Each structure stands twice: as structure tokens, then as C-alpha cells.
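The file model-v5.cif comes next; it holds mmCIF, C-alpha atoms.
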```cif
data_final
loop_
_atom_site.label_atom_id
_atom_site.label_comp_id
_atom_site.auth_asym_id
_atom_site.auth_seq_id
_atom_site.Cartn_x
_atom_site.Cartn_y
_atom_site.Cartn_z
CA MET A 1 32.68 -37.02 -17.40
CA GLU A 2 33.13 -33.30 -18.01
CA LYS A 3 33.06 -32.67 -14.26
CA LEU A 4 35.60 -35.45 -13.76
CA MET A 5 37.97 -33.95 -16.35
CA SER A 6 37.49 -30.56 -14.78
CA GLY A 7 38.48 -32.09 -11.45
CA PHE A 8 41.59 -33.61 -12.98
CA ALA A 9 42.46 -30.22 -14.46
CA LEU A 10 42.16 -28.56 -11.05
CA VAL A 11 44.33 -31.22 -9.45
CA PHE A 12 46.93 -30.79 -12.19
CA LEU A 13 46.86 -27.03 -11.79
CA ALA A 14 47.27 -27.30 -8.03
CA ALA A 15 50.21 -29.66 -8.46
CA ALA A 16 51.84 -27.30 -10.95
CA LEU A 17 51.43 -24.37 -8.61
CA SER A 18 52.80 -26.43 -5.76
CA SER A 19 55.89 -27.33 -7.80
CA CYS A 20 56.49 -23.66 -8.53
CA GLY A 21 55.75 -22.70 -4.94
CA THR A 22 54.64 -19.39 -3.57
CA ALA A 23 56.99 -16.44 -3.57
CA ILE A 24 59.17 -15.97 -0.51
CA ASP A 25 57.31 -13.23 1.35
CA VAL A 26 59.44 -12.32 4.34
CA PRO A 27 59.88 -8.63 5.10
CA ILE A 28 63.55 -7.63 5.00
CA ALA A 29 64.52 -5.37 7.88
CA PRO A 30 65.92 -1.96 6.88
CA GLU A 31 69.19 -2.64 8.71
CA ALA A 32 69.85 -5.67 6.47
CA TRP A 33 70.71 -3.27 3.64
CA ALA A 34 73.52 -1.72 5.68
CA ASN A 35 77.13 -2.17 4.60
CA PRO A 36 78.75 -4.50 5.20
CA ASN A 37 76.21 -7.31 5.31
CA LEU A 38 77.10 -9.94 2.74
CA LEU A 39 79.77 -12.38 3.90
CA VAL A 40 80.41 -10.38 7.08
CA ASP A 41 78.69 -7.64 9.03
CA ARG A 42 80.05 -5.06 11.47
CA ALA A 43 79.57 -7.33 14.49
CA ARG A 44 81.60 -10.12 12.89
CA LEU A 45 84.40 -7.72 11.90
CA ASN A 46 84.64 -6.54 15.50
CA GLU A 47 84.62 -10.13 16.73
CA ILE A 48 87.49 -11.05 14.41
CA ARG A 49 89.51 -8.01 15.51
CA ARG A 50 89.12 -8.88 19.20
CA ALA A 51 89.96 -12.53 18.63
CA ALA A 52 93.05 -11.73 16.54
CA ALA A 53 94.29 -9.16 19.08
CA SER A 54 93.90 -11.68 21.91
CA GLY A 55 95.95 -14.31 20.10
CA HIS A 56 93.10 -16.67 19.25
CA PRO A 57 94.75 -19.90 17.99
CA VAL A 58 92.73 -19.96 14.76
CA LEU A 59 91.72 -16.39 14.01
CA ALA A 60 95.03 -14.71 14.90
CA PRO A 61 97.05 -16.65 12.28
CA ALA A 62 94.18 -16.30 9.81
CA TYR A 63 94.27 -12.52 10.26
CA ALA A 64 98.07 -12.47 9.90
CA ASP A 65 97.73 -14.47 6.68
CA LEU A 66 95.27 -11.91 5.31
CA ILE A 67 97.61 -9.00 6.07
CA ARG A 68 100.59 -10.80 4.49
CA THR A 69 98.50 -11.42 1.38
CA ALA A 70 97.29 -7.82 1.23
CA ASP A 71 100.84 -6.47 1.60
CA ILE A 72 101.93 -8.49 -1.45
CA MET A 73 98.90 -7.26 -3.40
CA MET A 74 99.82 -3.62 -2.78
CA ALA A 75 102.47 -3.93 -5.51
CA ALA A 76 100.07 -5.44 -8.06
CA SER A 77 98.16 -3.66 -10.81
CA PRO A 78 94.69 -4.44 -12.17
CA GLU A 79 94.30 -5.90 -15.65
CA PRO A 80 90.77 -4.96 -16.69
CA ILE A 81 89.13 -5.98 -19.93
CA HIS A 82 88.35 -3.00 -22.15
CA GLY A 83 84.93 -3.32 -23.75
CA PRO A 84 82.24 -5.99 -23.38
CA LEU A 85 82.56 -9.20 -21.41
CA GLU A 86 82.27 -11.89 -24.07
CA VAL A 87 83.33 -15.33 -22.82
CA PRO A 88 83.38 -18.37 -25.13
CA GLY A 89 82.51 -21.82 -23.84
CA PHE A 90 85.12 -23.87 -22.02
CA PHE A 91 84.25 -27.05 -23.89
CA THR A 92 84.97 -25.53 -27.30
CA ARG A 93 87.97 -24.78 -29.48
CA GLU A 94 88.22 -21.41 -27.72
CA ARG A 95 89.07 -22.93 -24.34
CA GLU A 96 92.30 -20.96 -23.96
CA THR A 97 90.47 -17.69 -24.62
CA GLN A 98 87.91 -18.64 -21.98
CA ARG A 99 90.68 -19.39 -19.51
CA ARG A 100 92.51 -16.15 -20.19
CA ILE A 101 89.41 -13.98 -19.71
CA THR A 102 88.30 -15.89 -16.64
CA ARG A 103 91.75 -15.74 -15.03
CA ARG A 104 91.97 -11.96 -15.40
CA LEU A 105 88.47 -11.37 -14.09
CA ARG A 106 88.63 -13.75 -11.15
CA ASN A 107 92.11 -12.68 -10.05
CA ASP A 108 91.28 -8.98 -9.95
CA ALA A 109 87.88 -9.51 -8.34
CA ARG A 110 89.37 -11.66 -5.58
CA THR A 111 92.25 -9.22 -5.12
CA ALA A 112 89.80 -6.35 -4.65
CA HIS A 113 87.91 -8.39 -2.05
CA ALA A 114 91.07 -9.40 -0.15
CA LEU A 115 92.31 -5.82 0.02
CA ALA A 116 88.90 -4.52 1.09
CA LEU A 117 88.71 -7.14 3.82
CA ALA A 118 92.21 -6.20 5.03
CA CYS A 119 91.12 -2.57 5.16
CA ALA A 120 87.97 -3.37 7.14
CA LEU A 121 89.84 -5.48 9.70
CA SER A 122 93.06 -3.48 10.07
CA GLU A 123 91.48 -0.04 9.57
CA ASN A 124 94.41 0.72 7.27
CA ARG A 125 92.89 2.85 4.54
CA GLN A 126 95.79 2.18 2.18
CA TYR A 127 94.42 -1.30 1.61
CA GLY A 128 91.03 0.23 0.88
CA GLU A 129 92.47 2.69 -1.63
CA LYS A 130 94.19 -0.17 -3.44
CA ALA A 131 90.98 -2.21 -3.42
CA ARG A 132 89.17 0.75 -4.94
CA GLU A 133 91.83 0.95 -7.68
CA PHE A 134 91.18 -2.68 -8.65
CA LEU A 135 87.41 -2.35 -8.42
CA TYR A 136 87.05 0.80 -10.48
CA ALA A 137 89.58 -0.27 -13.09
CA TRP A 138 86.90 -2.77 -14.10
CA VAL A 139 83.95 -0.43 -13.55
CA ASP A 140 85.57 2.16 -15.83
CA ASN A 141 86.65 -0.25 -18.59
CA LEU A 142 84.42 -3.33 -18.73
CA THR A 143 81.17 -2.37 -20.40
CA ILE A 144 78.34 -4.82 -20.99
CA PRO A 145 77.86 -8.60 -21.12
CA LYS A 146 77.64 -10.26 -24.52
CA HIS A 147 76.98 -13.81 -25.63
CA GLY A 148 80.24 -15.67 -26.02
CA GLY A 149 79.25 -18.19 -28.65
CA ARG A 150 78.27 -21.81 -28.70
CA TRP A 151 78.25 -23.53 -25.32
CA TRP A 152 79.83 -26.98 -25.55
CA HIS A 153 78.09 -29.03 -28.29
CA TRP A 154 74.65 -27.47 -28.09
CA PRO A 155 73.00 -26.10 -31.25
CA THR A 156 72.34 -22.51 -32.24
CA PRO A 157 69.91 -21.44 -29.47
CA TRP A 158 72.66 -21.94 -26.88
CA ARG A 159 74.72 -18.97 -27.96
CA ARG A 160 75.64 -17.43 -24.62
CA GLY A 161 78.91 -19.31 -24.23
CA ASP A 162 80.29 -19.09 -20.68
CA THR A 163 79.45 -15.42 -20.19
CA PRO A 164 76.64 -16.11 -17.68
CA ILE A 165 78.50 -18.59 -15.48
CA VAL A 166 81.70 -16.50 -15.43
CA ILE A 167 79.70 -13.47 -14.28
CA SER A 168 77.96 -15.58 -11.64
CA TYR A 169 81.08 -17.01 -10.01
CA SER A 170 83.37 -13.99 -10.44
CA PHE A 171 81.32 -10.86 -9.88
CA PRO A 172 80.31 -11.67 -6.28
CA ALA A 173 83.92 -11.00 -5.21
CA PHE A 174 83.69 -7.50 -6.71
CA ILE A 175 80.41 -7.01 -4.88
CA PHE A 176 81.86 -8.25 -1.58
CA ALA A 177 84.68 -5.71 -2.01
CA PHE A 178 82.18 -2.92 -2.69
CA ASP A 179 80.14 -3.93 0.36
CA LEU A 180 83.20 -3.63 2.61
CA LEU A 181 84.56 -0.44 1.06
CA ARG A 182 81.22 1.32 1.34
CA GLY A 183 81.00 0.22 4.95
CA GLU A 184 84.39 1.78 5.63
CA ASP A 185 83.40 5.07 3.94
CA ILE A 186 86.11 4.63 1.33
CA LEU A 187 83.74 5.35 -1.56
CA SER A 188 82.18 8.67 -2.52
CA ASP A 189 78.49 8.98 -3.39
CA ASP A 190 79.47 9.28 -7.05
CA GLU A 191 81.49 6.05 -6.89
CA VAL A 192 78.60 4.23 -5.24
CA ALA A 193 76.26 5.39 -8.02
CA ARG A 194 78.78 4.43 -10.72
CA PHE A 195 79.16 0.91 -9.35
CA GLN A 196 75.41 0.44 -9.12
CA GLN A 197 74.94 1.70 -12.66
CA TRP A 198 77.73 -0.56 -13.95
CA LEU A 199 76.15 -3.58 -12.28
CA GLY A 200 72.73 -2.97 -13.85
CA PRO A 201 73.29 -4.56 -17.29
CA TYR A 202 74.75 -7.69 -15.69
CA VAL A 203 71.70 -8.04 -13.42
CA ASP A 204 69.44 -7.65 -16.44
CA TYR A 205 71.49 -10.23 -18.35
CA LEU A 206 71.21 -12.81 -15.57
CA GLY A 207 67.83 -11.83 -14.17
CA HIS A 208 65.82 -14.67 -15.69
CA GLN A 209 66.14 -17.97 -13.88
CA GLU A 210 68.48 -20.54 -15.41
CA PHE A 211 66.49 -23.37 -16.95
CA TYR A 212 68.95 -26.12 -16.02
CA LYS A 213 69.23 -26.46 -12.24
CA ASN A 214 72.83 -27.33 -11.47
CA ASN A 215 75.89 -25.42 -10.20
CA HIS A 216 75.23 -22.68 -12.78
CA HIS A 217 71.87 -22.06 -11.14
CA ASN A 218 73.41 -21.88 -7.65
CA TRP A 219 75.96 -19.29 -8.72
CA GLN A 220 73.30 -17.27 -10.48
CA VAL A 221 71.52 -17.08 -7.13
CA VAL A 222 74.69 -15.94 -5.33
CA PHE A 223 75.26 -13.19 -7.88
CA LEU A 224 71.67 -11.95 -7.84
CA LEU A 225 71.43 -11.96 -4.03
CA SER A 226 74.68 -10.01 -3.78
CA ALA A 227 73.68 -7.56 -6.49
CA ALA A 228 70.26 -7.05 -4.89
CA HIS A 229 71.97 -6.09 -1.64
CA VAL A 230 74.11 -3.48 -3.41
CA LEU A 231 71.09 -2.12 -5.26
CA GLN A 232 68.88 -2.40 -2.14
CA ASP A 233 66.32 -4.11 -4.37
CA GLU A 234 64.06 -6.17 -2.13
CA ALA A 235 62.03 -7.59 -5.01
CA LEU A 236 65.20 -8.85 -6.73
CA PHE A 237 66.53 -10.28 -3.49
CA LYS A 238 63.34 -12.24 -2.83
CA ARG A 239 63.19 -13.42 -6.44
CA ALA A 240 66.75 -14.76 -6.17
CA ALA A 241 65.91 -16.52 -2.88
CA GLU A 242 62.91 -18.06 -4.61
CA TYR A 243 65.18 -19.23 -7.42
CA TYR A 244 67.25 -21.05 -4.81
CA ARG A 245 64.17 -22.69 -3.31
CA ARG A 246 63.01 -23.89 -6.72
CA GLY A 247 66.48 -25.00 -7.73
CA ILE A 248 67.16 -27.42 -4.91
CA ARG A 249 63.85 -29.23 -5.50
CA GLY A 250 65.48 -31.37 -8.18
CA GLN A 251 69.15 -30.75 -7.45
CA ILE A 252 69.51 -32.77 -4.26
CA ARG A 253 68.60 -36.45 -4.16
CA GLY A 254 67.15 -38.00 -1.03
CA ASP A 255 70.56 -39.36 -0.04
CA GLY A 256 72.21 -35.97 -0.57
CA ALA A 257 73.72 -36.63 -4.01
CA LEU A 258 73.68 -33.89 -6.63
CA PRO A 259 72.79 -36.01 -9.67
CA ARG A 260 73.46 -33.32 -12.27
CA GLU A 261 76.99 -32.99 -10.94
CA LEU A 262 77.50 -36.76 -10.76
CA TRP A 263 76.85 -36.89 -14.50
CA ARG A 264 80.19 -35.13 -14.94
CA ARG A 265 81.80 -38.51 -14.15
CA GLN A 266 85.53 -38.03 -13.37
CA ARG A 267 84.86 -34.36 -12.65
CA SER A 268 81.84 -35.10 -10.48
CA GLY A 269 83.63 -34.36 -7.21
CA THR A 270 84.92 -30.97 -8.31
CA TYR A 271 81.56 -29.97 -9.77
CA THR A 272 79.83 -31.09 -6.58
CA LEU A 273 82.23 -28.88 -4.63
CA MET A 274 81.50 -26.00 -7.02
CA ALA A 275 77.75 -26.44 -6.53
CA LEU A 276 78.06 -26.62 -2.75
CA GLU A 277 80.22 -23.48 -2.59
CA GLY A 278 77.44 -21.61 -4.36
CA MET A 279 74.74 -23.12 -2.16
CA VAL A 280 76.35 -22.34 1.19
CA GLN A 281 77.02 -18.74 0.17
CA ALA A 282 73.48 -18.28 -1.11
CA VAL A 283 72.04 -19.59 2.16
CA HIS A 284 74.40 -17.46 4.26
CA ILE A 285 73.65 -14.24 2.37
CA ALA A 286 69.90 -14.86 2.37
CA GLU A 287 69.84 -15.58 6.09
CA LYS A 288 71.77 -12.37 6.84
CA HIS A 289 68.75 -10.67 5.29
CA GLY A 290 66.25 -12.66 7.35
CA ILE A 291 65.29 -15.32 4.78
CA MET A 292 65.99 -18.81 6.13
CA LEU A 293 66.92 -21.37 3.47
CA ARG A 294 69.28 -23.90 5.03
CA ASP A 295 66.66 -26.52 5.95
CA LEU A 296 64.66 -26.53 2.70
CA GLN A 297 63.98 -29.98 1.27
CA SER A 298 64.08 -31.24 -2.29
CA ARG A 299 61.29 -33.30 -3.82
CA GLY A 300 63.09 -36.45 -2.71
CA GLY A 301 63.69 -35.23 0.84
CA GLY A 302 67.27 -34.10 0.25
CA THR A 303 68.67 -31.11 2.12
CA LEU A 304 71.81 -29.04 1.96
CA GLU A 305 73.04 -30.78 5.10
CA LYS A 306 72.61 -34.17 3.43
CA ALA A 307 74.46 -32.89 0.37
CA ILE A 308 77.38 -31.78 2.54
CA ASP A 309 77.41 -35.20 4.22
CA PHE A 310 77.33 -36.98 0.85
CA TYR A 311 80.34 -34.92 -0.21
CA CYS A 312 82.15 -36.09 2.94
CA ASP A 313 81.89 -39.62 1.57
CA TYR A 314 83.71 -38.46 -1.55
CA LEU A 315 86.60 -37.07 0.50
CA ASP A 316 86.72 -40.18 2.69
CA ASP A 317 86.64 -42.79 -0.05
CA PRO A 318 86.57 -41.56 -3.66
CA GLU A 319 86.82 -45.07 -5.08
CA SER A 320 83.64 -46.19 -3.36
CA TRP A 321 81.97 -42.89 -4.20
CA ALA A 322 82.81 -43.45 -7.87
CA ARG A 323 80.10 -46.08 -8.12
CA HIS A 324 77.60 -43.24 -8.31
CA THR A 325 79.29 -41.86 -11.44
CA ASN A 326 80.43 -44.85 -13.52
CA ALA A 327 83.84 -43.17 -13.62
CA ARG A 328 87.05 -45.16 -13.49
CA THR A 329 88.95 -42.29 -11.88
CA LEU A 330 87.98 -39.13 -10.03
CA ASN A 331 89.61 -35.75 -9.73
CA THR A 332 90.50 -35.70 -6.04
CA PRO A 333 92.40 -33.34 -3.73
CA ALA A 334 95.86 -34.33 -2.56
CA GLY A 335 94.52 -34.47 1.00
CA THR A 336 91.02 -34.46 2.45
CA SER A 337 91.57 -31.05 4.02
CA ASP A 338 92.70 -29.36 0.77
CA TRP A 339 89.09 -28.59 -0.12
CA GLY A 340 87.96 -28.27 3.48
CA TYR A 341 87.08 -24.57 3.23
CA ILE A 342 83.59 -25.64 2.20
CA PHE A 343 82.88 -26.91 5.74
CA GLU A 344 83.39 -23.65 7.65
CA LEU A 345 79.82 -22.41 7.28
CA PRO A 346 78.15 -25.85 7.63
CA TYR A 347 80.06 -26.40 10.86
CA ARG A 348 78.73 -23.11 12.26
CA TRP A 349 75.21 -24.22 11.35
CA TRP A 350 75.15 -27.86 12.41
CA HIS A 351 78.28 -28.47 14.54
CA ASN A 352 78.79 -31.90 13.04
CA PRO A 353 82.13 -33.13 14.49
CA ARG A 354 82.74 -35.07 11.28
CA TYR A 355 83.38 -31.80 9.46
CA LEU A 356 86.31 -30.91 11.72
CA GLY A 357 88.45 -33.60 10.15
CA TYR A 358 88.33 -31.80 6.82
CA MET A 359 89.17 -28.38 8.27
CA GLN A 360 92.66 -29.08 9.56
CA LYS A 361 94.61 -27.11 6.98
CA ARG A 362 94.12 -23.69 8.53
CA PRO A 363 93.94 -20.95 7.68
CA TYR A 364 92.00 -21.22 4.43
CA GLY A 365 93.13 -17.95 2.93
CA PHE A 366 93.62 -16.70 -0.62
CA GLU A 367 93.75 -18.92 -3.72
CA VAL A 368 92.68 -22.12 -2.03
CA GLU A 369 92.51 -24.88 -4.63
CA ARG A 370 89.10 -25.06 -6.39
CA CYS A 371 87.79 -22.01 -4.49
CA TYR A 372 85.79 -19.40 -6.42
CA THR A 373 84.72 -16.69 -3.95
CA LEU A 374 85.05 -18.19 -0.45
CA ASP A 375 88.55 -16.82 0.07
CA PHE A 376 89.57 -16.43 3.72
CA ALA A 377 86.79 -18.79 4.82
CA THR A 378 88.55 -19.52 8.12
CA LEU A 379 88.83 -15.85 9.02
CA LEU A 380 85.27 -15.06 7.97
CA PHE A 381 83.46 -17.97 9.57
CA ALA A 382 85.54 -19.89 12.12
CA GLU A 383 84.06 -19.91 15.60
#
```

Structure rendered as C-alpha cells:
Amino acid sequence: MEKLMSGFALVFLAAALSSCGTAIDVPIAPEAWANPNLLVDRARLNEIRRAAASGHPVLAPAYADLIRTADIMMAASPEPIHGPLEVPGFFTRERETQRRITRRLRNDARTAHALALACALSENRQYGEKAREFLYAWVDNLTIPKHGGRWWHWPTPWRRGDTPIVISYSFPAFIFAFDLLRGEDILSDDEVARFQQWLGPYVDYLGHQEFYKNNHHNWQVVFLLSAAHVLQDEALFKRAAEYYRRGIRGQIRGDGALPRELWRRQRSGTYTLMALEGMVQAVHIAEKHGIMLRDLQSRGGGTLEKAIDFYCDYLDDPESWARHTNARTLNTPAGTSDWGYIFELPYRWWHNPRYLGYMQKRPYGFEVERCYTLDFATLLFAE
């Protein structure tokens, strides 16, 4: 009997180890740490330039849209937060405070990225100087992350508020801007060191894997992968990629549904979109560093491709899709292409002609509805 119990214990241990998985152990090539190499690399920038100069029917207007946007931004001024980043929960009485903080952070981060991208593509250093102004206004004024208070209706242990998720879905745009500016030699060695030092406390704050595997977990991965690139920290990069692999095990159902987003009922479509935006960026960034994630399967056999296809059903027929949520109404886009920016990367990967129908509103530029950090998706990823 003792031997039998010992056998059961070994089986249980093996199953537990299998569920955790082995660490992703793929050597990252030295050139992967070059700048830029997050959303775009030097080869892609050159490709976009050539296509825009030749009048490419998609990339030429997308490039023109970027330059128009950057020209408007040249008259803007950053609005950094002075002191710690302390974000209360959205589903609390402090919702308006959460919105105000988030709006300032996201707007300036995305502005810095747009200007840096305009600099890298046009080779106009004035855009780069303006991007640096926005970036370092925050580096020089925002200090450390702090818990923002109770998150929704959870008891005392959940005291972080929305500070973690706001970092996760806002800071990558700052990091994308840094990646481009460093690649264009806009930044001095001292500025590079200052940015890396500023980023450190936020990496420490978000370094431990989120317990609950939903869109928060996906955005944590995006932030940590991006930060690891800036810090050239291979161990952190692999740990973040491993977080992604663990996360999708229970996030994607066999039919492609994201059950923890469906629980949001009338908001299930928007939260599914939010989760997918994080997932596709995480996969893209990891694969630019030689770690392939796009075809990983969940415990139920779900994949990212199936999740994208399941989301197509939402855009095609929200009323039928609502049966998965027990919601009477769903938050839907005005047209199926309004949220089509999410399909640019999946189309490059799988060339599913179905996706083209959702990508008609081109170019997807700045401030696309429901977009967090995939601004200018058409310019960055269109073939």
C-alpha cells in the first residue's frame, strides 16, 4: 500500500510539473537586443519607406496619416504626473480619478511613440526631439509605483487598485518610443541609463506572475517582454515568455473562447479584444527575439488562432455570440471594421481571407477606438 501511495505521489508530482511546464530555454541571438526590435526592426522601417515612396496603395496613405498626426503633436505639451503612480480601481468610487490618471499617462505615452515612429520613418529629427520631450517629462517626474487601493469589491489583500494593469497597458508605448529613439541615435548614453533606471521599480513591481490569468496577465507579459528588451535582460525576457505559455493554458477554451472575458457579460466583446491585443503583441515581440509562441495550445486544445476566429464570430453576429455570456446586450463597434486593427498581425501569420473583411477601414492610425498600444497597426504590419 505504501508503494502504491508513493506511486500516486510521483504521478501527482509529474502532473504538477507538467502543468507548470519547463522554462523556455531558447538562446536569444545578440542581434535581437538591437534597437529597434520591438514592434518594428530596421528592415521593416526600410520596407515601409520604400513602399510609401513608391505610392503603395495601403502603406503610402498610412505613412501620410502618421506624418499628419505627428505634425499636430508638435504643438502639444506633455502632462506628466509628479510623484508616484498610484491608480485607484476603476470599479470603485474613485473611478473618475482612475480615468484622469490613465488618460494622462496613455495619451503622453502614445504621443511619444507616434512621434518616435515619425522620426524613424521620415528621418526628421525634430519629431524625435519632441518624442524625447514627452518621454523624459515622465522619466524626470513620475517616481515609483504604489498600490492604488481596493480593487473592485475584493477585501483587504487586494490593495493594488489598478496600478498594475495601467502600467501594463500604458508603459509599453513609452518603451516602444525609447526603442525607436535609441535606434535613431536621438538619445545620449546618460538618457539611456536614466530610462533604464526609471523602468527598474516598475519591473520589480510587476515581476511576479499575475495569479488570475486573463487580459491583465497578457498585458503584464507585454510590459515585461518590452522592458526586458530595453534592459537586455535575457532571464527576464524568457520568464515573461514562460508567463505567456502558462497563461494561455486556461485562458483559451477549445473552441477559441476566452471564458474569463466572457464572464464580463455585456463587456465581454471589448474585454476579449483587450486580451487579444495583448496576446498578439506578446507573440510578435517574443518571436522577434527567436521565441515562437503563436501555435501554443491551451489545456483544452485552444490556440491564439482559434481565439481570433472566435472573436470574428462576435463581429459577425453579436446577438448569436451573446449566448456565450448570458448578456442581453453587448458593447459592439459601430461597424465590423472599427476594431479591425487587431487582425493585422494575425493576417500576416495565417493569411486567413476572412480577416480581410474586418480590415477595410484603413489606415488604422492613432487613437483607434478601443486600442491600447497598437497604434498605426496598418503602417507597422500591413503586407

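Atom pair atom CA of Tyr364 of chain A / atom CA of Ala137 of chain A: separated by 27.4 Å.
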
Expected selection from the PyMOL selection byres ((chain A and resi 217) around 12), given as a VMD selection string: chain A and resid 164 to 165 168 to 169 206 to 216 218 to 224 240 to 248 250 to 251 260 274 to 276 278 to 279 282

Residues in the PyMOL selection byres ((chain A and resi 294-302) around 8), expressed as a PyMOL selection string: chain A and resi 245+248-256+283+292-293+303-307

Resolved residues for the PyMOL selection byres ((chain A and resi 73) around 12) as a ChimeraX atom specification: /A:66-72,74-78,107-108,110-116,118,126-131,133-134,366

Residues within 7 Å of segment 336-339 of chain A, only C-alpha atoms, excluding chain neighbours under 3 positions, as a ChimeraX atom specification: /A:315,333,342,358-361,369

Would you kindly return, as a short mmCIF file (atom, residue, chain, number, x, y, z; two decimals) with C-alpha atoms, keeping the file's coordinate frame, each protein, DNA or RNA residue with an atom no farther than 10 Å from any atom of Leu180 of chain A, considering all atoms listed in the file and excluding same-chain residues fewer than 3 positions away?
```
data_model
loop_
_atom_site.label_atom_id
_atom_site.label_comp_id
_atom_site.auth_asym_id
_atom_site.auth_seq_id
_atom_site.Cartn_x
_atom_site.Cartn_y
_atom_site.Cartn_z
CA ASN A 35 77.13 -2.17 4.60
CA PRO A 36 78.75 -4.50 5.20
CA ASN A 37 76.21 -7.31 5.31
CA LEU A 38 77.10 -9.94 2.74
CA LEU A 39 79.77 -12.38 3.90
CA VAL A 40 80.41 -10.38 7.08
CA ASP A 41 78.69 -7.64 9.03
CA ARG A 42 80.05 -5.06 11.47
CA HIS A 113 87.91 -8.39 -2.05
CA LEU A 115 92.31 -5.82 0.02
CA ALA A 116 88.90 -4.52 1.09
CA LEU A 117 88.71 -7.14 3.82
CA ALA A 118 92.21 -6.20 5.03
CA CYS A 119 91.12 -2.57 5.16
CA ALA A 120 87.97 -3.37 7.14
CA LEU A 121 89.84 -5.48 9.70
CA GLY A 128 91.03 0.23 0.88
CA ALA A 131 90.98 -2.21 -3.42
CA ILE A 175 80.41 -7.01 -4.88
CA PHE A 176 81.86 -8.25 -1.58
CA ALA A 177 84.68 -5.71 -2.01
CA GLY A 183 81.00 0.22 4.95
CA GLU A 184 84.39 1.78 5.63
CA ASP A 185 83.40 5.07 3.94
CA ILE A 186 86.11 4.63 1.33
CA LEU A 187 83.74 5.35 -1.56
#
```

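Excluding Arg100 of chain A itself and same-chain residues fewer than 4 positions from it, the residues having an atom within 12 Å of it are Glu79, Pro80, Ile81, Glu86, Val87, Pro88, Phe90, Glu94, Arg95, Glu96, Arg104, Leu105, Arg106, Asn107 and Val166 of chain A, counting all atoms listed in the file.
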
Coordinates-based distance that separates atom CA of Arg99 of chain A from atom CA of Lys146 of chain A (Å, one decimal): 16.7 Å

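Residue nearest Phe195 of chain A, chosen from A:Cys312, A:Leu374, A:Ala227, A:Ile167 and counting all atoms listed in the file: A:Ala227.
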
Atomic distance atom CA of Arg132 of chain A - atom CA of Gly365 of chain A, expressed in Å with one decimal: 20.7 Å

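Excluding Ile28 of chain A itself and any same-chain residue fewer than 3 positions from it, the protein and nucleic acid residues within 9 Å of it, counting all atoms listed in the file, are A:Glu31, A:Ala32, A:Trp33, A:Glu234, A:His289, A:Gly290, A:Ile291.
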
Protein and nucleic acid residues near (85.4, -41.3, -5.3) (cut-off 9 Å, only C-alpha atoms) as a list in words: Gln266, Ser268, Gly269, Asp313, Tyr314, Leu315, Asp316, Asp317, Pro318, Glu319, Ser320, Trp321, Ala322, Arg323, His324, Thr325, Ala327, Thr329, Leu330, Asn331 and Thr332 of chain A

Residue selection dump (C-alpha atoms) as an mmCIF file, in the frame of the given file:
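After the write, selection-v3.cif holds the following:
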```cif
data_model
loop_
_atom_site.group_PDB
_atom_site.id
_atom_site.type_symbol
_atom_site.label_atom_id
_atom_site.label_comp_id
_atom_site.auth_asym_id
_atom_site.auth_seq_id
_atom_site.Cartn_x
_atom_site.Cartn_y
_atom_site.Cartn_z
ATOM 1 C CA GLN A 266 85.530 -38.030 -13.370
ATOM 2 C CA SER A 268 81.840 -35.100 -10.480
ATOM 3 C CA GLY A 269 83.630 -34.360 -7.210
ATOM 4 C CA ASP A 313 81.890 -39.620 1.570
ATOM 5 C CA TYR A 314 83.710 -38.460 -1.550
ATOM 6 C CA LEU A 315 86.600 -37.070 0.500
ATOM 7 C CA ASP A 316 86.720 -40.180 2.690
ATOM 8 C CA ASP A 317 86.640 -42.790 -0.050
ATOM 9 C CA PRO A 318 86.570 -41.560 -3.660
ATOM 10 C CA GLU A 319 86.820 -45.070 -5.080
ATOM 11 C CA SER A 320 83.640 -46.190 -3.360
ATOM 12 C CA TRP A 321 81.970 -42.890 -4.200
ATOM 13 C CA ALA A 322 82.810 -43.450 -7.870
ATOM 14 C CA ARG A 323 80.100 -46.080 -8.120
ATOM 15 C CA HIS A 324 77.600 -43.240 -8.310
ATOM 16 C CA THR A 325 79.290 -41.860 -11.440
ATOM 17 C CA ALA A 327 83.840 -43.170 -13.620
ATOM 18 C CA THR A 329 88.950 -42.290 -11.880
ATOM 19 C CA LEU A 330 87.980 -39.130 -10.030
ATOM 20 C CA ASN A 331 89.610 -35.750 -9.730
ATOM 21 C CA THR A 332 90.500 -35.700 -6.040
#
```

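Nearest-residue note for Leu262 of chain A: choosing from A:Phe310, A:Phe237, A:Arg194, A:Gly335, the minimum distance belongs to A:Phe310, counting only C-alpha atoms.
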
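Using all atoms listed in the file for every distance, the candidate list A:Ala51, A:Gly161, A:Gln197, A:Tyr347 yields A:Tyr347 as the residue closest to Asp309 of chain A.
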
Residues within 9 Å of Leu356 of chain A, all atoms listed in the file, excluding chain neighbours under 5 positions, as an NGL selection string: :A and (340 or 343-344 or 347 or 351)
